[in-house]
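Asker: Dropping in structure-v4.json, which is JSON, C-alpha atoms:
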```
[["chain", "number", "residue", "atom", "x", "y", "z"],
["A", 1, "MET", "CA", 15.88, 22.96, 45.58],
["A", 2, "GLU", "CA", 13.94, 24.38, 42.65],
["A", 3, "SER", "CA", 10.43, 22.97, 42.41],
["A", 4, "LYS", "CA", 9.18, 21.59, 39.11],
["A", 5, "ASN", "CA", 6.67, 23.55, 37.12],
["A", 6, "PRO", "CA", 3.27, 21.75, 37.35],
["A", 7, "GLU", "CA", 2.82, 22.27, 33.62],
["A", 8, "ASP", "CA", 6.14, 20.55, 32.93],
["A", 9, "ILE", "CA", 5.09, 17.60, 35.10],
["A", 10, "TYR", "CA", 1.77, 17.38, 33.23],
["A", 11, "LEU", "CA", 3.44, 17.47, 29.81],
["A", 12, "SER", "CA", 5.95, 14.84, 30.92],
["A", 13, "SER", "CA", 3.12, 12.55, 32.02],
["A", 14, "VAL", "CA", 1.36, 12.97, 28.68],
["A", 15, "LYS", "CA", 4.58, 12.23, 26.81],
["A", 16, "ASN", "CA", 5.21, 9.10, 28.88],
["A", 17, "ALA", "CA", 1.67, 7.87, 28.20],
["A", 18, "LEU", "CA", 2.11, 8.38, 24.47],
["A", 19, "ARG", "CA", 5.50, 6.63, 24.48],
["A", 20, "ILE", "CA", 3.99, 3.68, 26.32],
["A", 21, "LEU", "CA", 1.09, 3.35, 23.87],
["A", 22, "LYS", "CA", 3.46, 3.53, 20.90],
["A", 23, "SER", "CA", 5.67, 0.80, 22.39],
["A", 24, "PHE", "CA", 3.04, -1.86, 21.71],
["A", 25, "SER", "CA", 3.31, -3.62, 18.35],
["A", 26, "MET", "CA", 2.17, -6.71, 16.47],
["A", 27, "ASP", "CA", 5.38, -8.39, 17.63],
["A", 28, "GLU", "CA", 4.78, -7.33, 21.25],
["A", 29, "PRO", "CA", 1.01, -6.99, 21.71],
["A", 30, "GLU", "CA", 1.16, -7.66, 25.47],
["A", 31, "LYS", "CA", 3.57, -6.28, 28.06],
["A", 32, "LYS", "CA", 4.14, -6.24, 31.79],
["A", 33, "VAL", "CA", 4.93, -3.06, 33.67],
["A", 34, "SER", "CA", 8.51, -4.28, 34.11],
["A", 35, "ASP", "CA", 8.86, -4.82, 30.35],
["A", 36, "ILE", "CA", 7.72, -1.27, 29.60],
["A", 37, "SER", "CA", 9.90, 0.16, 32.35],
["A", 38, "THR", "CA", 13.01, -1.55, 30.97],
["A", 39, "SER", "CA", 12.41, -0.83, 27.28],
["A", 40, "LEU", "CA", 11.56, 2.88, 27.78],
["A", 41, "GLY", "CA", 13.86, 3.62, 30.70],
["A", 42, "LEU", "CA", 11.00, 4.73, 32.95],
["A", 43, "ASN", "CA", 10.56, 4.17, 36.67],
["A", 44, "LYS", "CA", 8.27, 1.22, 37.46],
["A", 45, "SER", "CA", 6.04, 3.34, 39.69],
["A", 46, "THR", "CA", 5.65, 5.90, 36.89],
["A", 47, "VAL", "CA", 4.68, 3.19, 34.41],
["A", 48, "SER", "CA", 2.29, 1.60, 36.88],
["A", 49, "ARG", "CA", 0.46, 4.89, 37.57],
["A", 50, "THR", "CA", 0.30, 5.73, 33.88],
["A", 51, "MET", "CA", -1.06, 2.30, 32.95],
["A", 52, "ALA", "CA", -3.71, 2.54, 35.65],
["A", 53, "THR", "CA", -4.86, 5.87, 34.22],
["A", 54, "LEU", "CA", -4.87, 4.56, 30.66],
["A", 55, "ALA", "CA", -6.80, 1.47, 31.75],
["A", 56, "SER", "CA", -9.44, 3.60, 33.47],
["A", 57, "GLU", "CA", -10.10, 5.34, 30.13],
["A", 58, "GLY", "CA", -10.11, 2.12, 28.10],
["A", 59, "PHE", "CA", -6.84, 2.75, 26.25],
["A", 60, "VAL", "CA", -5.23, -0.37, 27.71],
["A", 61, "TYR", "CA", -6.57, -3.55, 29.29],
["A", 62, "LYS", "CA", -4.87, -5.58, 32.02],
["A", 63, "ASP", "CA", -5.24, -9.33, 31.95],
["A", 64, "PRO", "CA", -6.06, -10.33, 35.56],
["A", 65, "GLU", "CA", -4.28, -13.68, 35.23],
["A", 66, "THR", "CA", -1.06, -12.80, 33.38],
["A", 67, "LYS", "CA", -0.87, -9.22, 34.71],
["A", 68, "LYS", "CA", 0.06, -8.15, 31.19],
["A", 69, "TYR", "CA", -1.38, -5.11, 29.46],
["A", 70, "ARG", "CA", -2.62, -4.87, 25.90],
["A", 71, "LEU", "CA", -4.14, -2.01, 23.93],
["A", 72, "GLY", "CA", -7.79, -1.27, 24.64],
["A", 73, "LEU", "CA", -10.88, -0.61, 22.58],
["A", 74, "SER", "CA", -10.76, 3.17, 23.03],
["A", 75, "LEU", "CA", -7.88, 3.25, 20.55],
["A", 76, "LEU", "CA", -9.97, 1.31, 18.05],
["A", 77, "SER", "CA", -12.69, 3.96, 18.14],
["A", 78, "LEU", "CA", -10.14, 6.71, 17.59],
["A", 79, "SER", "CA", -8.52, 4.85, 14.69],
["A", 80, "SER", "CA", -11.90, 4.50, 12.99],
["A", 81, "ILE", "CA", -12.33, 8.28, 13.17],
["A", 82, "VAL", "CA", -8.91, 8.79, 11.59],
["A", 83, "ASN", "CA", -9.59, 6.25, 8.87],
["A", 84, "SER", "CA", -13.01, 7.70, 8.03],
["A", 85, "ASN", "CA", -11.37, 11.09, 7.45],
["A", 86, "MET", "CA", -8.62, 9.82, 5.20],
["A", 87, "ASP", "CA", -9.76, 9.98, 1.61],
["A", 88, "VAL", "CA", -7.09, 7.61, 0.40],
["A", 89, "TYR", "CA", -8.18, 4.97, 2.93],
["A", 90, "ARG", "CA", -11.83, 5.20, 1.93],
["A", 91, "GLU", "CA", -11.33, 5.50, -1.82],
["A", 92, "SER", "CA", -8.72, 2.76, -2.16],
["A", 93, "TYR", "CA", -10.54, -0.21, -0.68],
["A", 94, "PRO", "CA", -12.76, -1.21, -3.62],
["A", 95, "VAL", "CA", -9.86, -0.71, -6.02],
["A", 96, "LEU", "CA", -7.52, -2.85, -3.92],
["A", 97, "SER", "CA", -10.16, -5.55, -3.63],
["A", 98, "ARG", "CA", -10.51, -5.84, -7.40],
["A", 99, "LEU", "CA", -6.74, -5.78, -7.88],
["A", 100, "VAL", "CA", -6.23, -8.57, -5.35],
["A", 101, "GLU", "CA", -8.89, -10.64, -7.08],
["A", 102, "ASN", "CA", -7.23, -9.98, -10.43],
["A", 103, "LEU", "CA", -3.60, -10.62, -9.45],
["A", 104, "GLY", "CA", -4.07, -13.09, -6.61],
["A", 105, "GLU", "CA", -1.62, -11.20, -4.39],
["A", 106, "THR", "CA", -1.95, -8.96, -1.34],
["A", 107, "ALA", "CA", -2.24, -5.20, -1.95],
["A", 108, "HIS", "CA", -1.51, -2.22, 0.29],
["A", 109, "ILE", "CA", -1.79, 1.54, 0.57],
["A", 110, "SER", "CA", 1.07, 3.24, 2.38],
["A", 111, "VAL", "CA", 2.48, 6.69, 3.14],
["A", 112, "ILE", "CA", 5.74, 8.16, 4.41],
["A", 113, "ASP", "CA", 5.77, 9.19, 8.06],
["A", 114, "LYS", "CA", 8.94, 10.30, 9.82],
["A", 115, "LEU", "CA", 11.05, 8.78, 7.04],
["A", 116, "GLU", "CA", 9.39, 5.39, 7.41],
["A", 117, "VAL", "CA", 6.75, 3.61, 5.35],
["A", 118, "ILE", "CA", 3.53, 3.12, 7.29],
["A", 119, "TYR", "CA", 0.72, 0.92, 5.96],
["A", 120, "LEU", "CA", -2.78, 2.41, 6.04],
["A", 121, "GLN", "CA", -4.79, -0.16, 4.13],
["A", 122, "LYS", "CA", -4.35, -3.85, 3.34],
["A", 123, "VAL", "CA", -6.41, -6.34, 1.38],
["A", 124, "GLU", "CA", -5.10, -9.89, 1.64],
["A", 125, "CYS", "CA", -5.20, -12.57, -0.99],
["A", 126, "ASN", "CA", -6.11, -16.17, -0.23],
["A", 127, "HIS", "CA", -2.47, -17.17, 0.30],
["A", 128, "PRO", "CA", -0.70, -14.10, 1.74],
["A", 129, "VAL", "CA", 2.85, -13.58, 2.97],
["A", 130, "ARG", "CA", 1.69, -13.05, 6.52],
["A", 131, "PHE", "CA", 4.83, -11.93, 8.32],
["A", 132, "LEU", "CA", 5.63, -8.89, 6.20],
["A", 133, "THR", "CA", 2.94, -6.28, 6.61],
["A", 134, "HIS", "CA", -0.03, -5.21, 8.63],
["A", 135, "VAL", "CA", -1.94, -1.94, 8.98],
["A", 136, "GLY", "CA", 0.14, 0.40, 11.13],
["A", 137, "ARG", "CA", 3.42, -1.42, 10.54],
["A", 138, "ARG", "CA", 6.47, 0.69, 9.75],
["A", 139, "ASN", "CA", 9.10, -0.44, 7.25],
["A", 140, "PRO", "CA", 12.25, 1.18, 5.88],
["A", 141, "PRO", "CA", 11.66, 3.09, 2.63],
["A", 142, "HIS", "CA", 14.91, 2.43, 0.77],
["A", 143, "CYS", "CA", 14.31, -1.30, 0.24],
["A", 144, "THR", "CA", 10.52, -1.52, -0.16],
["A", 145, "SER", "CA", 8.73, -0.82, -3.42],
["A", 146, "SER", "CA", 6.20, 1.51, -1.79],
["A", 147, "GLY", "CA", 8.94, 3.38, 0.05],
["A", 148, "LYS", "CA", 11.00, 3.88, -3.08],
["A", 149, "VAL", "CA", 7.99, 5.22, -5.00],
["A", 150, "LEU", "CA", 7.25, 7.70, -2.22],
["A", 151, "LEU", "CA", 10.88, 8.80, -2.13],
["A", 152, "ALA", "CA", 11.07, 9.09, -5.91],
["A", 153, "TYR", "CA", 8.16, 11.54, -5.96],
["A", 154, "GLY", "CA", 8.70, 13.09, -2.54],
["A", 155, "GLY", "CA", 11.33, 15.67, -3.36],
["A", 156, "GLU", "CA", 15.06, 16.04, -2.86],
["A", 157, "GLU", "CA", 14.82, 17.11, 0.79],
["A", 158, "MET", "CA", 13.25, 13.79, 1.74],
["A", 159, "VAL", "CA", 15.81, 11.83, -0.26],
["A", 160, "ASP", "CA", 18.65, 13.83, 1.31],
["A", 161, "ALA", "CA", 17.28, 13.09, 4.78],
["A", 162, "ILE", "CA", 17.20, 9.36, 4.02],
["A", 163, "LEU", "CA", 20.70, 9.37, 2.57],
["A", 164, "GLU", "CA", 22.10, 11.25, 5.56],
["A", 165, "GLN", "CA", 21.65, 7.97, 7.36],
["A", 166, "GLU", "CA", 23.46, 4.80, 6.40],
["A", 167, "LEU", "CA", 21.23, 2.66, 4.17],
["A", 168, "LYS", "CA", 20.91, -0.62, 6.03],
["A", 169, "LYS", "CA", 21.57, -3.75, 4.03],
["A", 170, "TYR", "CA", 18.79, -6.26, 4.72],
["A", 171, "THR", "CA", 19.63, -8.75, 1.95],
["A", 172, "LYS", "CA", 22.30, -9.21, -0.67],
["A", 173, "THR", "CA", 20.18, -7.25, -3.17],
["A", 174, "THR", "CA", 19.49, -4.21, -0.95],
["A", 175, "LEU", "CA", 20.75, -1.06, -2.69],
["A", 176, "THR", "CA", 22.96, 0.91, -0.27],
["A", 177, "ASP", "CA", 25.17, 3.10, -2.49],
["A", 178, "PRO", "CA", 23.79, 6.69, -2.36],
["A", 179, "ASP", "CA", 24.66, 7.58, -5.98],
["A", 180, "LYS", "CA", 23.19, 4.35, -7.36],
["A", 181, "PHE", "CA", 20.13, 4.87, -5.17],
["A", 182, "ARG", "CA", 19.51, 8.36, -6.57],
["A", 183, "ALA", "CA", 19.86, 6.98, -10.11],
["A", 184, "HIS", "CA", 17.39, 4.22, -9.18],
["A", 185, "LEU", "CA", 14.85, 6.82, -8.03],
["A", 186, "ARG", "CA", 15.21, 8.64, -11.37],
["A", 187, "ASP", "CA", 14.41, 5.37, -13.16],
["A", 188, "ILE", "CA", 11.32, 4.94, -11.00],
["A", 189, "ARG", "CA", 10.04, 8.39, -12.00],
["A", 190, "LYS", "CA", 10.73, 7.53, -15.62],
["A", 191, "ASN", "CA", 8.94, 4.17, -15.47],
["A", 192, "GLY", "CA", 6.08, 5.21, -13.21],
["A", 193, "TYR", "CA", 6.50, 2.29, -10.82],
["A", 194, "SER", "CA", 9.09, 0.63, -8.57],
["A", 195, "THR", "CA", 10.09, -2.91, -7.72],
["A", 196, "SER", "CA", 11.69, -4.57, -4.72],
["A", 197, "PHE", "CA", 12.99, -8.00, -5.57],
["A", 198, "GLU", "CA", 14.18, -9.62, -2.34],
["A", 199, "GLU", "CA", 15.60, -6.28, -1.15],
["A", 200, "PHE", "CA", 13.90, -6.36, 2.26],
["A", 201, "HIS", "CA", 13.17, -10.06, 2.82],
["A", 202, "GLU", "CA", 14.62, -13.07, 1.05],
["A", 203, "GLY", "CA", 12.06, -14.74, -1.19],
["A", 204, "VAL", "CA", 9.65, -11.78, -1.28],
["A", 205, "ASN", "CA", 9.02, -9.46, -4.22],
["A", 206, "SER", "CA", 6.82, -6.39, -4.58],
["A", 207, "LEU", "CA", 5.83, -3.62, -6.99],
["A", 208, "ALA", "CA", 4.35, -0.19, -6.29],
["A", 209, "ALA", "CA", 2.94, 2.85, -8.09],
["A", 210, "PRO", "CA", 2.22, 6.42, -6.91],
["A", 211, "ILE", "CA", -1.18, 7.80, -5.89],
["A", 212, "TYR", "CA", -1.88, 11.50, -6.58],
["A", 213, "ASP", "CA", -4.34, 13.81, -4.84],
["A", 214, "TYR", "CA", -6.41, 16.62, -6.41],
["A", 215, "ARG", "CA", -3.39, 18.96, -6.27],
["A", 216, "GLY", "CA", -1.29, 16.63, -8.38],
["A", 217, "LYS", "CA", 0.89, 15.70, -5.41],
["A", 218, "VAL", "CA", 1.92, 12.12, -4.68],
["A", 219, "VAL", "CA", 0.41, 11.36, -1.26],
["A", 220, "ALA", "CA", 0.53, 7.55, -1.08],
["A", 221, "ALA", "CA", 1.70, 4.39, -2.79],
["A", 222, "LEU", "CA", -0.21, 1.33, -3.94],
["A", 223, "SER", "CA", 1.84, -1.84, -3.67],
["A", 224, "VAL", "CA", 1.43, -5.55, -4.29],
["A", 225, "VAL", "CA", 3.60, -8.09, -2.47],
["A", 226, "GLY", "CA", 4.06, -11.83, -2.79],
["A", 227, "PRO", "CA", 6.61, -14.64, -2.87],
["A", 228, "LYS", "CA", 9.17, -14.67, -5.66],
["A", 229, "GLN", "CA", 7.73, -17.94, -6.95],
["A", 230, "ARG", "CA", 4.56, -16.06, -7.92],
["A", 231, "ILE", "CA", 5.89, -12.57, -8.69],
["A", 232, "GLN", "CA", 8.60, -13.49, -11.18],
["A", 233, "SER", "CA", 10.73, -11.18, -13.32],
["A", 234, "HIS", "CA", 9.00, -12.16, -16.56],
["A", 235, "LYS", "CA", 5.65, -11.10, -15.03],
["A", 236, "VAL", "CA", 6.80, -7.63, -13.98],
["A", 237, "GLN", "CA", 5.42, -5.73, -16.97],
["A", 238, "GLY", "CA", 2.01, -7.33, -16.66],
["A", 239, "PHE", "CA", 1.86, -6.71, -12.91],
["A", 240, "ALA", "CA", 3.14, -3.15, -13.28],
["A", 241, "LYS", "CA", 0.52, -2.25, -15.87],
["A", 242, "LYS", "CA", -2.33, -3.40, -13.62],
["A", 243, "ILE", "CA", -0.85, -1.80, -10.49],
["A", 244, "MET", "CA", -0.37, 1.55, -12.24],
["A", 245, "ALA", "CA", -3.93, 1.38, -13.57],
["A", 246, "ALA", "CA", -5.23, 0.71, -10.05],
["A", 247, "ALA", "CA", -3.14, 3.56, -8.63],
["A", 248, "LYS", "CA", -4.52, 5.87, -11.31],
["A", 249, "GLU", "CA", -8.07, 4.85, -10.43],
["A", 250, "VAL", "CA", -7.47, 5.67, -6.76],
["A", 251, "SER", "CA", -5.92, 8.98, -7.83],
["A", 252, "ASP", "CA", -8.95, 9.77, -9.98],
["A", 253, "ARG", "CA", -11.23, 8.99, -7.04],
["A", 254, "MET", "CA", -9.12, 11.42, -5.00],
["A", 255, "GLY", "CA", -9.82, 14.20, -7.51],
["A", 256, "TYR", "CA", -6.64, 13.98, -9.57],
["A", 257, "ARG", "CA", -7.07, 15.37, -13.07],
["A", 258, "GLY", "CA", -3.48, 15.19, -14.32]]
```
Rewrite the structure from the file as structure tokens, please.

Answerer:
Amino acid sequence: MESKNPEDIYLSSVKNALRILKSFSMDEPEKKVSDISTSLGLNKSTVSRTMATLASEGFVYKDPETKKYRLGLSLLSLSSIVNSNMDVYRESYPVLSRLVENLGETAHISVIDKLEVIYLQKVECNHPVRFLTHVGRRNPPHCTSSGKVLLAYGGEEMVDAILEQELKKYTKTTLTDPDKFRAHLRDIRKNGYSTSFEEFHEGVNSLAAPIYDYRGKVVAALSVVGPKQRIQSHKVQGFAKKIMAAAKEVSDRMGYRG
């Protein structure tokens, strides 16, 4: 029988460790070895050894009573390094804070990663819609205002990749027709902002505008989200004007001179 290359075994172990870490989420912050084994299709002994190694380095913590694992503080230190090196994260916070104070709604900064929207920054209002977003959460791009802005300015290849998949219908207002979706993206570029009125979650509306870097490339989106009772259709123009102004300020702080 052919023996396995030690390098292949090492790379497989690293991949398993990364898959395990990525399996934790806000919805599932704690897991048992059996849970991880079932969800990832890994042998229990493999998961157990990997978790023990991760725990020894502080990347996970095992509760001695429940026997469940949760993410450890070593990840927090790494995330702070990433955040400190992301200009958009650093430059956006004071702008988001003022916008939240002005509009009374929660604001976010997000980017596209692997054809999903991922939230980098969040400033909550006093009465937020708590179940929708958190830093690190991934959402679909075709039905969120931030996702649609990033697609509108992200180039045809990205749009084609999204439309190669079936656009999932989350609510009765989710746009799923490819031709209508492309036309919608053209309108977003024309208007300079996007909206999502109950397209992802019933009763929740949002608006977003693009953020440019020093090269003139759209690298992120600034969005505001709230319940439909507060973000109403007759308020869209007023909200959009302030959101675009905030996005421009972040862009200017990023070195944009367009």

Asker: Rank nothing, just name the residue among A:Glu30, A:Leu21, A:Ala220, A:Lys68 nearest to Thr50 of chain A, using all atoms listed in the file.

Answerer: A:Leu21

Asker: Counting all atoms listed in the file, what is within 12 Å of segment 54-60 of chain A, bar same-chain residues fewer than 4 positions away, as a list in words?

Answerer: Ser13, Val14, Asn16, Ala17, Leu18, Ile20, Leu21, Lys22, Phe24, Pro29, Glu30, Lys31, Lys32, Val47, Ser48, Arg49, Thr50, Lys68, Tyr69, Arg70, Leu71, Gly72, Leu73, Ser74, Leu75, Leu76, Ser77, Leu78 and Ser79 of chain A

Asker: Which value, in Å to one decimal, gives the distance between atom CA of Arg186 of chain A and atom CA of Leu151 of chain A?

Answerer: 10.2 Å

Asker: Taking (5.2, -8.2, -14.2) as a centre in this file's frame and 12 Å as the limit, can you find every polymer residue with an atom that close, using all atoms listed in the file, and give them as a ChimeraX atom specification?

Answerer: /A:103,193-195,197,205-208,224-225,228,230-244

Asker: Considering all atoms listed in the file, return as a VMD selection string whatever protein or nucleic-acid residues lie within 7 Å of Tyr256 of chain A, sequence-local ones (same chain, fewer than 3 positions apart) excluded.

Answerer: chain A and resid 212 to 216 251 to 252

Asker: Write the residues you've just listed into a file as an mmCIF file, in the coordinates of the input, and include C-alpha atoms for each of them.

Answerer:
```
data_model
loop_
_atom_site.group_PDB
_atom_site.id
_atom_site.type_symbol
_atom_site.label_atom_id
_atom_site.label_comp_id
_atom_site.auth_asym_id
_atom_site.auth_seq_id
_atom_site.Cartn_x
_atom_site.Cartn_y
_atom_site.Cartn_z
ATOM 1 C CA TYR A 212 -1.880 11.500 -6.580
ATOM 2 C CA ASP A 213 -4.340 13.810 -4.840
ATOM 3 C CA TYR A 214 -6.410 16.620 -6.410
ATOM 4 C CA ARG A 215 -3.390 18.960 -6.270
ATOM 5 C CA GLY A 216 -1.290 16.630 -8.380
ATOM 6 C CA SER A 251 -5.920 8.980 -7.830
ATOM 7 C CA ASP A 252 -8.950 9.770 -9.980
#
```

Asker: Enter the distance from atom CA of Ser223 of chain A to atom CA of Ser146 of chain A, in Å, rounded to one decimal.

Answerer: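 Separation of atom CA of Ser223 of chain A and atom CA of Ser146 of chain A: 5.8 Å.
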
Asker: Using only C-alpha atoms, which residues sit within 8 Å of Gly192 of chain A once same-chain residues fewer than 4 positions away are excluded, as a VMD selection string?

Answerer: chain A and resid 188 209 to 210 244

Asker: Take segment 17-27 of chain A, bring it up to all heavy atoms, and give me the output as a compact mmCIF listing (two decimals), in the frame of the given file.

Answerer:
```txt
# COMPACT_ATOMS: atom_id res chain seq x y z
N ALA A 17 2.83 8.68 28.60
CA ALA A 17 1.67 7.87 28.20
C ALA A 17 1.70 7.57 26.72
O ALA A 17 1.42 6.43 26.28
CB ALA A 17 0.38 8.60 28.57
N LEU A 18 2.05 8.57 25.92
CA LEU A 18 2.11 8.38 24.47
C LEU A 18 3.24 7.42 24.10
O LEU A 18 3.08 6.56 23.21
CB LEU A 18 2.30 9.72 23.76
CG LEU A 18 1.12 10.69 23.87
CD1 LEU A 18 1.48 12.04 23.25
CD2 LEU A 18 -0.11 10.12 23.19
N ARG A 19 4.38 7.55 24.75
CA ARG A 19 5.50 6.63 24.48
C ARG A 19 5.12 5.20 24.82
O ARG A 19 5.48 4.26 24.09
CB ARG A 19 6.73 7.05 25.30
CG ARG A 19 7.42 8.32 24.84
CD ARG A 19 8.62 8.62 25.72
NE ARG A 19 9.64 7.58 25.58
CZ ARG A 19 10.57 7.32 26.50
NH1 ARG A 19 10.56 7.96 27.66
NH2 ARG A 19 11.47 6.37 26.28
N ILE A 20 4.40 5.02 25.91
CA ILE A 20 3.99 3.68 26.32
C ILE A 20 3.03 3.07 25.30
O ILE A 20 3.19 1.92 24.88
CB ILE A 20 3.33 3.73 27.71
CG1 ILE A 20 4.39 3.99 28.77
CG2 ILE A 20 2.60 2.43 28.01
CD1 ILE A 20 3.83 4.29 30.15
N LEU A 21 2.05 3.85 24.86
CA LEU A 21 1.09 3.35 23.87
C LEU A 21 1.79 2.97 22.57
O LEU A 21 1.48 1.95 21.96
CB LEU A 21 0.01 4.40 23.61
CG LEU A 21 -0.98 4.67 24.75
CD1 LEU A 21 -1.90 5.83 24.38
CD2 LEU A 21 -1.80 3.42 25.07
N LYS A 22 2.75 3.79 22.16
CA LYS A 22 3.46 3.53 20.90
C LYS A 22 4.43 2.35 21.01
O LYS A 22 4.91 1.85 19.99
CB LYS A 22 4.21 4.79 20.45
CG LYS A 22 3.29 5.91 20.00
CD LYS A 22 4.04 7.21 19.79
CE LYS A 22 4.97 7.13 18.61
NZ LYS A 22 5.63 8.45 18.36
N SER A 23 4.73 1.91 22.23
CA SER A 23 5.67 0.80 22.39
C SER A 23 5.05 -0.55 22.08
O SER A 23 5.76 -1.53 21.84
CB SER A 23 6.22 0.79 23.83
OG SER A 23 5.24 0.34 24.75
N PHE A 24 3.70 -0.61 22.06
CA PHE A 24 3.04 -1.86 21.71
C PHE A 24 3.11 -2.06 20.19
O PHE A 24 3.07 -1.11 19.42
CB PHE A 24 1.58 -1.84 22.15
CG PHE A 24 1.39 -1.95 23.64
CD1 PHE A 24 1.41 -0.82 24.44
CD2 PHE A 24 1.20 -3.18 24.24
CE1 PHE A 24 1.25 -0.92 25.82
CE2 PHE A 24 1.03 -3.29 25.61
CZ PHE A 24 1.06 -2.16 26.40
N SER A 25 3.22 -3.30 19.77
CA SER A 25 3.31 -3.62 18.35
C SER A 25 2.72 -5.00 18.10
O SER A 25 2.35 -5.72 19.04
CB SER A 25 4.77 -3.60 17.89
OG SER A 25 5.50 -4.65 18.49
N MET A 26 2.64 -5.37 16.81
CA MET A 26 2.17 -6.71 16.47
C MET A 26 3.12 -7.78 17.02
O MET A 26 2.70 -8.87 17.37
CB MET A 26 2.04 -6.85 14.96
CG MET A 26 0.94 -6.00 14.35
SD MET A 26 -0.72 -6.53 14.85
CE MET A 26 -0.91 -8.00 13.83
N ASP A 27 4.40 -7.44 17.10
CA ASP A 27 5.38 -8.39 17.63
C ASP A 27 5.30 -8.47 19.15
O ASP A 27 5.61 -9.51 19.74
CB ASP A 27 6.79 -7.98 17.21
CG ASP A 27 6.98 -8.04 15.71
OD1 ASP A 27 6.37 -8.93 15.09
OD2 ASP A 27 7.73 -7.21 15.16
```
